[in-house]
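To be precise, the following lines are entry33.csv, and they hold CSV, N, CA and C atoms.
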chain,number,residue,atom,x,y,z
A,1,MET,N,8.1,3.2,4.5
A,1,MET,CA,9.0,3.2,3.3
A,1,MET,C,8.3,2.3,2.3
A,2,PHE,N,8.5,2.7,1.1
A,2,PHE,CA,8.0,1.9,-0.1
A,2,PHE,C,9.1,1.9,-1.1
A,3,CYS,N,9.3,0.7,-1.8
A,3,CYS,CA,10.4,0.5,-2.7
A,3,CYS,C,9.9,0.3,-4.1
A,4,ILE,N,10.5,0.9,-5.1
A,4,ILE,CA,10.2,0.6,-6.5
A,4,ILE,C,11.5,0.1,-7.1
A,5,VAL,N,11.4,-1.0,-7.8
A,5,VAL,CA,12.6,-1.6,-8.4
A,5,VAL,C,12.4,-1.4,-9.9
A,6,GLU,N,13.4,-0.8,-10.5
A,6,GLU,CA,13.3,-0.5,-12.0
A,6,GLU,C,13.9,-1.6,-12.8
A,7,GLU,N,14.9,-2.3,-12.4
A,7,GLU,CA,15.5,-3.4,-13.1
A,7,GLU,C,16.0,-4.5,-12.2
A,8,GLU,N,15.8,-5.7,-12.6
A,8,GLU,CA,16.2,-6.9,-11.9
A,8,GLU,C,17.2,-7.6,-12.7
A,9,HIS,N,18.4,-8.0,-12.2
A,9,HIS,CA,19.4,-8.7,-12.9
A,9,HIS,C,19.8,-10.0,-12.2
A,10,GLU,N,20.1,-11.0,-13.0
A,10,GLU,CA,20.5,-12.3,-12.4
A,10,GLU,C,22.0,-12.5,-12.9
A,11,LYS,N,22.8,-13.0,-12.0
A,11,LYS,CA,24.2,-13.3,-12.3
A,11,LYS,C,24.6,-14.6,-11.6
A,12,ARG,N,25.8,-15.1,-12.1
A,12,ARG,CA,26.4,-16.2,-11.5
A,12,ARG,C,27.9,-16.0,-11.4
A,13,ILE,N,28.4,-16.0,-10.2
A,13,ILE,CA,29.8,-15.8,-10.0
A,13,ILE,C,30.4,-16.9,-9.2
A,14,ASP,N,31.4,-17.6,-9.7
A,14,ASP,CA,32.0,-18.7,-9.0
A,14,ASP,C,30.9,-19.8,-8.6
A,15,GLY,N,30.0,-20.0,-9.5
A,15,GLY,CA,29.0,-21.0,-9.3
A,15,GLY,C,27.8,-20.6,-8.3
A,16,ILE,N,27.9,-19.4,-7.9
A,16,ILE,CA,26.8,-18.9,-7.0
A,16,ILE,C,25.9,-18.0,-7.8
A,17,HIS,N,24.6,-18.4,-7.8
A,17,HIS,CA,23.6,-17.6,-8.5
A,17,HIS,C,23.0,-16.6,-7.6
A,18,TYR,N,22.9,-15.4,-8.1
A,18,TYR,CA,22.2,-14.3,-7.2
A,18,TYR,C,21.5,-13.3,-8.1
A,19,THR,N,20.6,-12.6,-7.5
A,19,THR,CA,19.8,-11.6,-8.2
A,19,THR,C,20.1,-10.3,-7.5
A,20,TYR,N,20.2,-9.2,-8.3
A,20,TYR,CA,20.3,-7.9,-7.7
A,20,TYR,C,19.4,-6.9,-8.4
A,21,HIS,N,19.1,-5.8,-7.8
A,21,HIS,CA,18.2,-4.8,-8.4
A,21,HIS,C,19.0,-3.6,-8.6
A,22,ALA,N,18.8,-3.1,-9.8
A,22,ALA,CA,19.5,-1.8,-10.2
A,22,ALA,C,18.5,-0.7,-10.1
A,23,HIS,N,18.9,0.5,-9.8
A,23,HIS,CA,18.1,1.7,-9.7
A,23,HIS,C,16.9,1.5,-8.7
A,24,LYS,N,17.2,1.0,-7.5
A,24,LYS,CA,16.2,0.8,-6.5
A,24,LYS,C,15.9,2.2,-5.9
A,25,GLN,N,14.7,2.5,-5.8
A,25,GLN,CA,14.2,3.8,-5.1
A,25,GLN,C,13.4,3.5,-3.9
A,26,TRP,N,13.7,4.1,-2.8
A,26,TRP,CA,12.8,4.0,-1.6
A,26,TRP,C,12.1,5.4,-1.5
A,27,TYR,N,10.8,5.3,-1.1
A,27,TYR,CA,10.1,6.5,-0.8
A,27,TYR,C,9.5,6.5,0.6
A,28,ASP,N,9.7,7.6,1.3
A,28,ASP,CA,9.2,7.8,2.6
A,28,ASP,C,7.7,8.3,2.5
A,29,ILE,N,6.7,7.5,2.9
A,29,ILE,CA,5.3,7.9,2.8
A,29,ILE,C,4.8,8.6,4.0
A,30,GLY,N,5.7,8.9,4.9
A,30,GLY,CA,5.4,9.8,6.0
A,30,GLY,C,5.0,9.0,7.3
A,31,ASP,N,4.8,9.8,8.3
A,31,ASP,CA,4.5,9.3,9.6
A,31,ASP,C,3.0,9.0,9.7
A,32,MET,N,2.5,8.6,10.8
A,32,MET,CA,1.1,8.2,11.0
A,32,MET,C,0.2,9.3,11.6
A,33,LYS,N,0.6,10.6,11.4
A,33,LYS,CA,-0.2,11.7,11.9
A,33,LYS,C,-1.2,12.1,10.8
A,34,CYS,N,-2.4,12.5,11.3
A,34,CYS,CA,-3.4,12.9,10.4
A,34,CYS,C,-3.0,14.2,9.6
A,35,ARG,N,-3.2,14.2,8.3
A,35,ARG,CA,-2.9,15.3,7.4
A,35,ARG,C,-4.0,16.4,7.3
A,36,ASN,N,-5.2,16.0,7.8
A,36,ASN,CA,-6.3,17.0,7.8
A,36,ASN,C,-6.6,17.5,6.3
A,37,ARG,N,-6.5,16.6,5.4
A,37,ARG,CA,-6.8,17.0,4.0
A,37,ARG,C,-8.3,17.1,3.8
A,38,LYS,N,-8.7,17.9,2.8
A,38,LYS,CA,-10.1,18.0,2.4
A,38,LYS,C,-10.5,16.8,1.5
A,39,PRO,N,-11.8,16.5,1.5
A,39,PRO,CA,-12.3,15.3,0.7
A,39,PRO,C,-11.8,15.3,-0.7
A,40,LYS,N,-11.8,16.5,-1.4
A,40,LYS,CA,-11.3,16.5,-2.8
A,40,LYS,C,-9.8,16.2,-2.9
A,41,GLN,N,-9.0,16.6,-2.0
A,41,GLN,CA,-7.6,16.3,-2.0
A,41,GLN,C,-7.4,14.8,-1.7
A,42,LEU,N,-8.2,14.2,-0.8
A,42,LEU,CA,-8.1,12.8,-0.5
A,42,LEU,C,-8.5,11.9,-1.7
A,43,GLN,N,-9.6,12.4,-2.4
A,43,GLN,CA,-10.1,11.6,-3.5
A,43,GLN,C,-9.0,11.6,-4.6
A,44,LYS,N,-8.4,12.7,-4.9
A,44,LYS,CA,-7.3,12.8,-5.9
A,44,LYS,C,-6.1,12.0,-5.5
A,45,GLN,N,-5.8,12.0,-4.2
A,45,GLN,CA,-4.7,11.2,-3.7
A,45,GLN,C,-5.0,9.7,-3.9
A,46,PHE,N,-6.2,9.3,-3.6
A,46,PHE,CA,-6.6,7.9,-3.7
A,46,PHE,C,-6.5,7.4,-5.2
A,47,GLN,N,-6.9,8.2,-6.1
A,47,GLN,CA,-6.9,7.9,-7.5
A,47,GLN,C,-5.5,7.8,-8.0
A,48,ARG,N,-4.6,8.6,-7.5
A,48,ARG,CA,-3.2,8.6,-8.0
A,48,ARG,C,-2.3,7.5,-7.3
A,49,CYS,N,-2.8,7.0,-6.2
A,49,CYS,CA,-2.0,6.1,-5.4
A,49,CYS,C,-1.7,4.7,-6.1
A,50,PHE,N,-0.4,4.4,-6.1
A,50,PHE,CA,-0.1,3.1,-6.7
A,50,PHE,C,0.3,2.1,-5.6
A,51,PHE,N,0.0,2.4,-4.4
A,51,PHE,CA,0.3,1.5,-3.2
A,51,PHE,C,-0.9,0.7,-2.8
A,52,ARG,N,-2.0,0.8,-3.6
A,52,ARG,CA,-3.2,0.0,-3.2
A,52,ARG,C,-3.0,-1.4,-3.7
A,53,CYS,N,-2.1,-2.1,-3.0
A,53,CYS,CA,-1.8,-3.5,-3.3
A,53,CYS,C,-2.6,-4.6,-2.6
A,54,ARG,N,-3.5,-4.2,-1.8
A,54,ARG,CA,-4.4,-5.0,-1.0
A,54,ARG,C,-3.5,-5.7,0.0
A,55,ASP,N,-4.0,-5.9,1.2
A,55,ASP,CA,-3.2,-6.5,2.3
A,55,ASP,C,-4.1,-7.4,3.1
A,56,ILE,N,-3.7,-8.6,3.4
A,56,ILE,CA,-4.5,-9.5,4.3
A,56,ILE,C,-3.8,-9.4,5.7
A,57,PHE,N,-4.6,-9.1,6.6
A,57,PHE,CA,-4.1,-8.9,8.0
A,57,PHE,C,-5.2,-9.3,9.0
A,58,LYS,N,-4.9,-10.2,9.9
A,58,LYS,CA,-5.8,-10.7,11.0
A,58,LYS,C,-7.2,-10.9,10.5
A,59,GLY,N,-7.3,-11.7,9.4
A,59,GLY,CA,-8.6,-12.1,8.9
A,59,GLY,C,-9.4,-11.2,8.1
A,60,TYR,N,-8.8,-10.1,7.7
A,60,TYR,CA,-9.4,-9.1,6.8
A,60,TYR,C,-8.6,-8.7,5.6
A,61,LEU,N,-9.2,-8.3,4.6
A,61,LEU,CA,-8.5,-7.8,3.4
A,61,LEU,C,-8.7,-6.3,3.4
A,62,TYR,N,-7.5,-5.6,3.3
A,62,TYR,CA,-7.5,-4.1,3.4
A,62,TYR,C,-7.1,-3.6,2.0
A,63,GLN,N,-7.3,-2.3,1.8
A,63,GLN,CA,-6.9,-1.7,0.5
A,63,GLN,C,-5.4,-1.5,0.4
A,64,CYS,N,-4.7,-1.4,1.6
A,64,CYS,CA,-3.3,-1.2,1.6
A,64,CYS,C,-2.7,-1.5,3.0
A,65,PRO,N,-1.4,-1.7,3.1
A,65,PRO,CA,-0.8,-2.0,4.4
A,65,PRO,C,-1.0,-0.9,5.4
A,66,ARG,N,-0.9,0.3,4.9
A,66,ARG,CA,-1.1,1.4,5.9
A,66,ARG,C,-2.5,1.4,6.5
A,67,SER,N,-3.5,1.1,5.8
A,67,SER,CA,-4.8,0.9,6.3
A,67,SER,C,-4.9,-0.2,7.3
A,68,ALA,N,-4.3,-1.4,7.0
A,68,ALA,CA,-4.4,-2.5,7.8
A,68,ALA,C,-3.7,-2.2,9.2
A,69,HIS,N,-2.5,-1.8,9.1
A,69,HIS,CA,-1.7,-1.6,10.4
A,69,HIS,C,-2.2,-0.3,11.1
A,70,GLY,N,-2.6,0.7,10.4
A,70,GLY,CA,-3.1,1.9,11.1
A,70,GLY,C,-4.4,1.6,11.8
A,71,THR,N,-5.2,0.8,11.2
A,71,THR,CA,-6.5,0.3,11.9
A,71,THR,C,-6.2,-0.5,13.1
A,72,ASP,N,-5.3,-1.5,12.9
A,72,ASP,CA,-4.9,-2.4,14.0
A,72,ASP,C,-4.3,-1.6,15.2
A,73,LEU,N,-3.5,-0.6,14.9
A,73,LEU,CA,-2.9,0.2,16.0
A,73,LEU,C,-3.9,1.3,16.5
A,74,GLN,N,-5.1,1.3,16.0
A,74,GLN,CA,-6.1,2.3,16.4
A,74,GLN,C,-5.6,3.7,16.1
A,75,LEU,N,-4.8,3.9,15.1
A,75,LEU,CA,-4.4,5.2,14.6
A,75,LEU,C,-5.4,5.7,13.5
A,76,VAL,N,-6.0,4.8,12.8
A,76,VAL,CA,-6.9,5.1,11.8
A,76,VAL,C,-8.3,4.5,12.2
A,77,ASN,N,-9.3,5.3,12.0
A,77,ASN,CA,-10.7,4.9,12.4
A,77,ASN,C,-11.1,3.7,11.5
A,78,ARG,N,-11.8,2.7,12.1
A,78,ARG,CA,-12.3,1.6,11.4
A,78,ARG,C,-13.6,2.1,10.8
A,79,VAL,N,-13.7,2.0,9.5
A,79,VAL,CA,-14.9,2.5,8.7
A,79,VAL,C,-15.5,1.3,7.9
A,80,ASP,N,-16.8,1.1,8.0
A,80,ASP,CA,-17.5,0.0,7.3
A,80,ASP,C,-17.2,0.2,5.8
A,81,GLY,N,-16.9,-0.9,5.2
A,81,GLY,CA,-16.6,-1.0,3.7
A,81,GLY,C,-15.1,-0.8,3.4
A,82,GLU,N,-14.3,-0.4,4.3
A,82,GLU,CA,-12.9,-0.2,4.0
A,82,GLU,C,-12.0,-1.4,4.2
A,83,ARG,N,-12.7,-2.5,4.7
A,83,ARG,CA,-12.0,-3.8,4.8
A,83,ARG,C,-13.0,-4.9,4.5
A,84,PHE,N,-12.5,-6.0,4.2
A,84,PHE,CA,-13.4,-7.1,3.8
A,84,PHE,C,-13.1,-8.3,4.7
A,85,SER,N,-14.1,-8.9,5.4
A,85,SER,CA,-13.8,-10.0,6.3
A,85,SER,C,-13.7,-11.3,5.5
A,86,LEU,N,-12.6,-12.0,5.8
A,86,LEU,CA,-12.4,-13.3,5.2
A,86,LEU,C,-13.0,-14.5,5.9
A,87,GLY,N,-13.8,-14.1,6.9
A,87,GLY,CA,-14.5,-15.1,7.7
A,87,GLY,C,-15.7,-15.6,6.9
A,88,TYR,N,-16.4,-16.6,7.5
A,88,TYR,CA,-17.6,-17.2,6.9
A,88,TYR,C,-18.7,-16.1,6.7
A,89,GLN,N,-19.2,-16.1,5.5
A,89,GLN,CA,-20.3,-15.2,5.2
A,89,GLN,C,-21.2,-15.9,4.2
A,90,ASP,N,-22.4,-15.3,4.0
A,90,ASP,CA,-23.3,-15.7,3.0
A,90,ASP,C,-22.6,-15.4,1.6
A,91,LYS,N,-22.5,-16.5,0.8
A,91,LYS,CA,-21.7,-16.4,-0.5
A,91,LYS,C,-22.2,-15.2,-1.4
A,92,LYS,N,-23.5,-15.1,-1.5
A,92,LYS,CA,-24.0,-14.1,-2.5
A,92,LYS,C,-23.7,-12.7,-1.9
A,93,ARG,N,-23.9,-12.5,-0.6
A,93,ARG,CA,-23.6,-11.2,0.0
A,93,ARG,C,-22.1,-10.9,0.0
A,94,ALA,N,-21.3,-11.9,0.3
A,94,ALA,CA,-19.8,-11.8,0.4
A,94,ALA,C,-19.3,-11.4,-1.0
A,95,ARG,N,-19.8,-12.0,-2.1
A,95,ARG,CA,-19.4,-11.7,-3.4
A,95,ARG,C,-19.6,-10.3,-3.8
A,96,GLN,N,-20.8,-9.8,-3.4
A,96,GLN,CA,-21.1,-8.3,-3.7
A,96,GLN,C,-20.2,-7.4,-2.9
A,97,GLN,N,-20.0,-7.8,-1.6
A,97,GLN,CA,-19.1,-6.9,-0.8
A,97,GLN,C,-17.7,-6.9,-1.3
A,98,LEU,N,-17.2,-8.1,-1.7
A,98,LEU,CA,-15.8,-8.2,-2.2
A,98,LEU,C,-15.7,-7.4,-3.5
A,99,MET,N,-16.7,-7.4,-4.4
A,99,MET,CA,-16.6,-6.6,-5.6
A,99,MET,C,-16.6,-5.1,-5.3
A,100,ASP,N,-17.5,-4.7,-4.3
A,100,ASP,CA,-17.6,-3.3,-3.9
A,100,ASP,C,-16.2,-2.9,-3.3
A,101,PHE,N,-15.6,-3.8,-2.5
A,101,PHE,CA,-14.3,-3.5,-1.9
A,101,PHE,C,-13.2,-3.3,-3.0
A,102,TYR,N,-13.2,-4.3,-3.9
A,102,TYR,CA,-12.1,-4.3,-4.9
A,102,TYR,C,-12.2,-3.2,-5.9
A,103,TRP,N,-13.4,-2.8,-6.3
A,103,TRP,CA,-13.6,-1.8,-7.3
A,103,TRP,C,-13.9,-0.4,-6.6
A,104,ARG,N,-13.6,-0.3,-5.4
A,104,ARG,CA,-13.9,1.0,-4.6
A,104,ARG,C,-13.3,2.2,-5.3
A,105,LYS,N,-14.1,3.2,-5.4
A,105,LYS,CA,-13.6,4.5,-6.1
A,105,LYS,C,-13.4,5.6,-5.1
A,106,LYS,N,-14.0,5.5,-3.9
A,106,LYS,CA,-13.9,6.5,-2.9
A,106,LYS,C,-12.6,6.3,-2.0
A,107,TYR,N,-12.0,7.4,-1.6
A,107,TYR,CA,-10.8,7.3,-0.7
A,107,TYR,C,-11.1,6.6,0.6
A,108,ILE,N,-10.1,6.1,1.2
A,108,ILE,CA,-10.3,5.5,2.5
A,108,ILE,C,-9.6,6.3,3.6
A,109,SER,N,-10.0,6.1,4.9
A,109,SER,CA,-9.5,6.9,6.0
A,109,SER,C,-8.0,6.9,6.1
A,110,ALA,N,-7.3,5.8,5.8
A,110,ALA,CA,-5.9,5.8,5.9
A,110,ALA,C,-5.2,6.8,4.9
A,111,CYS,N,-5.8,7.2,3.9
A,111,CYS,CA,-5.2,8.2,2.9
A,111,CYS,C,-4.9,9.5,3.7
A,112,ASN,N,-5.6,9.8,4.7
A,112,ASN,CA,-5.3,11.1,5.5
A,112,ASN,C,-4.1,10.9,6.4
A,113,PHE,N,-3.5,9.7,6.4
A,113,PHE,CA,-2.4,9.5,7.3
A,113,PHE,C,-1.2,9.0,6.4
A,114,CYS,N,-1.2,9.4,5.1
A,114,CYS,CA,-0.2,8.9,4.2
A,114,CYS,C,0.1,10.0,3.1
A,115,ASN,N,1.3,9.9,2.6
A,115,ASN,CA,1.7,10.8,1.5
A,115,ASN,C,1.7,10.2,0.1
A,116,MET,N,1.5,8.9,0.0
A,116,MET,CA,1.5,8.2,-1.3
A,116,MET,C,0.4,8.8,-2.2
A,117,GLY,N,0.7,9.1,-3.4
A,117,GLY,CA,-0.3,9.6,-4.3
A,117,GLY,C,-0.6,11.1,-4.3
A,118,CYS,N,0.1,11.8,-3.4
A,118,CYS,CA,-0.2,13.2,-3.4
A,118,CYS,C,1.0,14.1,-3.7
A,119,GLY,N,2.1,13.6,-4.1
A,119,GLY,CA,3.2,14.4,-4.6
A,119,GLY,C,4.1,14.8,-3.4
A,120,ASP,N,3.8,14.4,-2.2
A,120,ASP,CA,4.7,14.8,-1.1
A,120,ASP,C,5.7,13.7,-0.7
A,121,LEU,N,6.0,12.9,-1.6
A,121,LEU,CA,7.0,11.8,-1.3
A,121,LEU,C,8.4,12.2,-1.3
A,122,GLN,N,9.1,11.8,-0.3
A,122,GLN,CA,10.6,12.1,-0.2
A,122,GLN,C,11.3,10.8,-0.7
A,123,THR,N,12.3,11.0,-1.6
A,123,THR,CA,13.1,9.9,-2.1
A,123,THR,C,14.2,9.6,-1.1
A,124,VAL,N,14.4,8.4,-0.8
A,124,VAL,CA,15.5,7.9,0.1
A,124,VAL,C,16.4,7.0,-0.7
A,125,PRO,N,17.7,7.4,-0.8
A,125,PRO,CA,18.6,6.5,-1.6
A,125,PRO,C,18.7,5.1,-1.0
A,126,ALA,N,18.7,4.1,-2.0
A,126,ALA,CA,18.8,2.7,-1.5
A,126,ALA,C,20.3,2.5,-1.1
A,127,GLY,N,20.4,1.5,-0.2
A,127,GLY,CA,21.8,1.2,0.2
A,127,GLY,C,22.7,0.8,-0.9
A,128,GLU,N,23.9,1.1,-0.9
A,128,GLU,CA,24.9,0.8,-1.9
A,128,GLU,C,26.0,0.0,-1.3
A,129,GLN,N,26.5,-1.0,-2.1
A,129,GLN,CA,27.7,-1.8,-1.6
A,129,GLN,C,28.9,-0.9,-1.8
A,130,GLN,N,29.8,-0.9,-0.9
A,130,GLN,CA,31.0,-0.1,-1.0
A,130,GLN,C,32.2,-1.1,-1.1
A,131,LYS,N,33.1,-0.8,-1.9
A,131,LYS,CA,34.3,-1.6,-2.0
A,131,LYS,C,35.3,-1.1,-1.0
A,132,LEU,N,35.9,-2.0,-0.3
A,132,LEU,CA,36.9,-1.7,0.8
A,132,LEU,C,38.3,-1.7,0.3
If you convert what's in this file into structure tokens, what do you get?
Amino acid sequence: MFCIVEEEHEKRIDGIHYTYHAHKQWYDIGDMKCRNRKPKQLQKQFQRCFFRCRDIFKGYLYQCPRSAHGTDLQLVNRVDGERFSLGYQDKKRARQQLMDFYWRKKYISACNFCNMGCGDLQTVPAGEQQKL
């Protein structure tokens, strides 16, 4: 699941300060089964994806959480260049690898296990408070 918050509001009632989000949307990005998409489809998906928020997991920087956890669970193949080691490295080499990682233009393996960026997202209504 992935959440988009459209508005954030702050209020104070009876001296209690709280924040709430209006118009919250949840999106189901699908299960972890391979979609068997063609390279052109995967490239288009990668370019449209707004979930590439980078993720640090077990000493590596990944393009997205799905890539990190899918790789860790051995559901997604580990491919050179799709993650960046945060361990000790030669500074000059590490700098170039990090730039290559950050400005990556080619899709990653995890894209084939995700619906983000390809128009197949299902909207899931956010929980609502009910008055009793």
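Across the model, the gap from atom C of Ala94 (chain A) to CA of Gly59 (chain A) is 14.6 Å.
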Using all atoms listed in the file, list the residues that have an atom at most 8 Å from (-2.0, -4.8, -3.3), coordinates as in the file, as an NGL selection string. :A and (50-56 or 62-65)
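Comparing the minimum interatomic distances between Leu86 (chain A) and each of A:His69, A:Leu121, A:Asp14, A:Leu61, counting only C-alpha atoms, we find that A:Leu61 sits nearest.
Across the model, the gap from CA of Tyr60 (chain A) to atom C of Ser85 (chain A) is 5.0 Å.
A straight line drawn from CA of Lys38 (chain A) to atom N of Asp100 (chain A) is 24.8 Å long.
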Which parts of region 21-113 of chain A does DSSP call alpha helix (DSSP H) when run on the backbone here, written out as a PyMOL selection string? chain A and resi 39-48+65-72+91-102
Do you know which residues lie at most 10 Å from (-12.6, -1.1, 2.4), with coordinates as in the file and only C-alpha atoms counted, and could you write them as a count of residues only? 27
